[in-house]
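Data block below; observations after.
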Amino acid sequence: MWIYEKKLQYPVRVSTCNPKLAKYLIEQYGGADGELAAALRYLNQRYSIPDKVIGLLTDIGTEELAHLEIIATMVYKLTKDATPEQLKEAGLGAHYANHDNALFYHNAAGVPWTASYIQAKGDPIADLYEDIAAEEKARATYQWIINMSDDPDLNDGLRFLREREIIHAQRFREAVEILKEERDRKKFF
Amino acid sequence: MKQMPKEYYELLEQLQTVDFALIDLTLYLDTHPDDYQAIQQFNQLAQKRKQLKKQYETSYGPLQQYGNSYSNYPWNWDDAPWPWQV
Amino acid sequence: MFTTRKQYHPYVSPFDPCHPIRTKTYVTAPNLYIPFQPPNLPQFPLHEALKKGTLWKIFYDPYYSPYEMAHKGDGQ
């Protein structure tokens with residue numbers, strides 16, 4: 001069951017009016033390695049994973065939804081006051097023709113999100129390795145977006161999100177260690 | 001159109017700060033269920049969060065829906081600003 | 001202790017049309033070196049933890065654009 005909390009996980013600030021950045025940020029909204037893919041991937045895998053790892057997938061999946069909201073906030077702030085002309089200049093003309101300044105689940109190239117981006121093999125090791133890879137890919141994507149952005153406040157938010165990916169990858173690696181069952185946690189009766 | 005006062009942003013950030021520690025501890029405890037000290041820290045912060053949530057909601061309205069927060073009269077769950085507008 | 005940046009040097013051909021990038025850097029994040037987080041690692045104070053994105057200092061690995069740094073070097 002999901003309860004929504006009416007606040008962002010992180011205090012997002014965007015200090016420069018530069019709608020061009022929205023075009024790249026959207027990669028983490030509707031892209032293959034973005035937050036939507038992460039959330040849906042983990043929340044779906046958790047139905048077919050050993051009990052001791054279900055909590056982790058649920059909690060990280062839920063946090064990814066919060067990150068999705070953060071990206072949406074960044075894009076919203078960058079585009080809410082833009083004229084069609086400004087959006088065209090920002091490379092978002094095609095998006096505007098379809099959506100005005102509404103957000104949508106597509107990547108920076110305009111390719112719409114698809115469930116082909118995620119997988120649930122039903123094999124815990126395969127699933128967890130996919131999750132680790134997803135987190136590393138997301139981390140790298142944030143690096144490339146930071147490289148293109150000269151907005152220091154926005155970049156602080158992106159650095160936060162990138163750091164969270166590092167932590168998530170860490171937890172998934174630990175989950176693999178737990179499933180290897182070599183951590184002396186066996187109890188014999 | 002109402003603007004939020006400085007105190008709103010400060011209290012919001014205090015709540016975000018405690019909530020962040022709780023999230024990071026939650027993920028840690030998901031893979032370290034036997035860390036007694038971490039559970040203590042978690043529960044202490046959970047109590048702090050309860051206080052901050054109450055303080056925030058008294059001044060600025062409900063944070064959660066479906067009865068996890070109280071409503072004023074008239075119904076104020078729908079009030080601006082929403083998080084991406086703040 | 002570990003480092004979080006590594007470098008390598010791509011092959012440069014005399015026939016490369018563009019000015020070569022001689023050194024490439026990649027990230028090796030802390031999570032590669034800590035197979036299982038031990039208990040009682042040092043934490044940031046809470047308000048710093050939020051800004052940095054992690055409660056535990058060992059995982060903190062800030063990323064700044066190399067191009068941002070280059071600009072700053074130009075005396076701006």
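Identifiers in this document derive from the order of the structure tokens: chains are assigned A, B, ..., residues are numbered from 1 separately in each chain, and ligands are numbered from 1 in order of occurrence.
For segment 38-48 of chain C, the set of protein, DNA and RNA residues having any atom at most 8 Å away, when counting only C-alpha atoms and skipping those fewer than 6 positions along the same chain, is Gln14, Thr17, Val18, Ala21 and Asp35 of chain B; Thr54, Leu55, Trp56, Lys57 and Ile58 of chain C.
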Exercise for review: Go through chain C and collect every residue that DSSP, computed from the backbone, puts in strand (DSSP E); the answer should be as a PyMOL selection string.
Suggested key: chain C and resi 5-8+24-27
Include C-alpha atoms and write out the residues we just selected as a PDB file, in the first residue's frame.
```
ATOM      1  CA  ARG C   5      38.996   8.041  -9.772  1.00  0.00           C
ATOM      2  CA  LYS C   6      41.167   6.064 -12.168  1.00  0.00           C
ATOM      3  CA  GLN C   7      42.775   7.130 -15.413  1.00  0.00           C
ATOM      4  CA  TYR C   8      43.713   5.528 -18.678  1.00  0.00           C
ATOM      5  CA  LYS C  24      40.380   9.637 -19.730  1.00  0.00           C
ATOM      6  CA  THR C  25      39.134   9.407 -16.191  1.00  0.00           C
ATOM      7  CA  TYR C  26      36.548   6.998 -14.810  1.00  0.00           C
ATOM      8  CA  VAL C  27      34.864   6.663 -11.453  1.00  0.00           C
TER       9      VAL C  27
END
```
With the cut-off set at 6 Å and counting only C-alpha atoms, tabulate each residue of chain B with an atom at most that distance from an atom of chain A, showing the nearest atom pair and its distance in Å to one decimal, ordered by chain and increasing number, as a Markdown table.
```
| residue | atom | partner | partner_atom | distance |
| --- | --- | --- | --- | --- |
| B:Asp30 | CA | A:Leu56 | CA | 5.4 |
| B:Leu63 | CA | A:Lys6 | CA | 4.9 |
| B:Gln64 | CA | A:Glu5 | CA | 4.8 |
| B:Pro83 | CA | A:Lys7 | CA | 5.0 |
| B:Trp84 | CA | A:Thr73 | CA | 4.6 |
```
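Rounded to one decimal, atom CA of Ala169 of chain A and atom CA of Arg41 of chain A lie 14.1 Å from each other.
The space separating atom CA of His95 of chain A from atom CA of Asn18 of chain A comes to 16.1 Å.
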Practice item. From a DSSP calculation on the backbone, collect every residue of chain B in alpha helix (DSSP H) and output the set as a ChimeraX atom specification. Key: /B:6-31,36-60
Per residue of chain C within 6 Å of chain A, record the nearest atom pair and its distance in Å to one decimal, counting only C-alpha atoms, with rows in chain order and ascending residue number, as a tab-separated table.
```
residue	atom	partner	partner_atom	distance
C:Asn31	CA	A:Gln170	CA	5.0
C:Phe36	CA	A:Glu174	CA	5.6
C:Lys52	CA	A:Phe160	CA	5.9
C:Gly53	CA	A:Phe160	CA	4.7
C:Ser65	CA	A:Asn147	CA	4.5
```
Could you build a table of the residues in chain B lying no more than 12 Å from chain C, giving for each the nearest pair of atoms and their separation in Å rounded to one decimal place, using only C-alpha atoms, ordered by chain and ascending residue number, as a tab-separated table?
```
residue	atom	partner	partner_atom	distance
B:Glu10	CA	C:His47	CA	11.5
B:Glu13	CA	C:His47	CA	8.6
B:Gln14	CA	C:His47	CA	7.7
B:Leu15	CA	C:His47	CA	10.1
B:Gln16	CA	C:Leu50	CA	7.5
B:Thr17	CA	C:Leu50	CA	5.4
B:Val18	CA	C:Leu46	CA	6.9
B:Asp19	CA	C:Leu50	CA	8.8
B:Phe20	CA	C:Leu50	CA	5.9
B:Ala21	CA	C:Leu55	CA	6.3
B:Leu22	CA	C:Leu55	CA	9.5
B:Ile23	CA	C:Leu55	CA	9.6
B:Asp24	CA	C:Leu55	CA	6.5
B:Leu25	CA	C:Leu55	CA	8.0
B:Thr26	CA	C:Leu55	CA	11.3
B:Leu27	CA	C:Leu55	CA	11.1
B:Tyr28	CA	C:Gln37	CA	8.5
B:Leu29	CA	C:Pro39	CA	10.5
B:Thr31	CA	C:Phe36	CA	9.0
B:His32	CA	C:Pro39	CA	8.5
B:Pro33	CA	C:Pro39	CA	11.1
B:Asp34	CA	C:Pro39	CA	9.8
B:Asp35	CA	C:Pro39	CA	7.0
B:Tyr36	CA	C:Pro39	CA	9.6
B:Gln37	CA	C:Asn40	CA	8.1
B:Ala38	CA	C:Pro39	CA	8.2
B:Ile39	CA	C:Pro39	CA	11.5
B:Gln41	CA	C:Asn40	CA	11.3
B:Leu45	CA	C:Leu46	CA	10.4
```
Exercise for review: Could you tell me which of B:Gln65, B:Gln85, B:Ala80, B:Glu57 comes closest to Leu12 of chain B if we count only C-alpha atoms?
Suggested key: B:Glu57
Point to revise | Polymer residues at most 12 Å from Pro5 of chain B, only C-alpha atoms, same-chain spacing of 4 or more positions, as number ranges by chain | key: B: 9-12, 59-60, 86
Take the residues just selected and output them with N, CA and C atoms as a PDB file, in the first residue's frame.
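Printed below is result36.pdb as written:
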```pdb
ATOM      1  N   TYR B   9      10.154  27.154   4.852  1.00  0.00           N
ATOM      2  CA  TYR B   9      11.276  26.475   4.203  1.00  0.00           C
ATOM      3  C   TYR B   9      12.232  25.879   5.229  1.00  0.00           C
ATOM      4  N   GLU B  10      12.407  26.595   6.358  1.00  0.00           N
ATOM      5  CA  GLU B  10      13.330  26.090   7.384  1.00  0.00           C
ATOM      6  C   GLU B  10      12.788  24.824   8.020  1.00  0.00           C
ATOM      7  N   LEU B  11      11.495  24.853   8.381  1.00  0.00           N
ATOM      8  CA  LEU B  11      10.889  23.683   9.023  1.00  0.00           C
ATOM      9  C   LEU B  11      10.848  22.512   8.054  1.00  0.00           C
ATOM     10  N   LEU B  12      10.524  22.811   6.804  1.00  0.00           N
ATOM     11  CA  LEU B  12      10.485  21.766   5.777  1.00  0.00           C
ATOM     12  C   LEU B  12      11.848  21.098   5.657  1.00  0.00           C
ATOM     13  N   SER B  59       1.101  24.103  11.443  1.00  0.00           N
ATOM     14  CA  SER B  59       1.179  25.389  10.746  1.00  0.00           C
ATOM     15  C   SER B  59       0.802  25.302   9.279  1.00  0.00           C
ATOM     16  N   TYR B  60       1.117  24.183   8.622  1.00  0.00           N
ATOM     17  CA  TYR B  60       1.056  24.184   7.162  1.00  0.00           C
ATOM     18  C   TYR B  60       0.169  23.107   6.564  1.00  0.00           C
ATOM     19  N   VAL B  86       6.930  24.352  -4.660  1.00  0.00           N
ATOM     20  CA  VAL B  86       7.480  25.061  -3.498  1.00  0.00           C
ATOM     21  C   VAL B  86       8.699  25.909  -3.879  1.00  0.00           C
TER      22      VAL B  86
END
```
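In this model, the gap between atom CA of Asn72 of chain B and atom CA of Leu68 of chain A comes to 29.3 Å.
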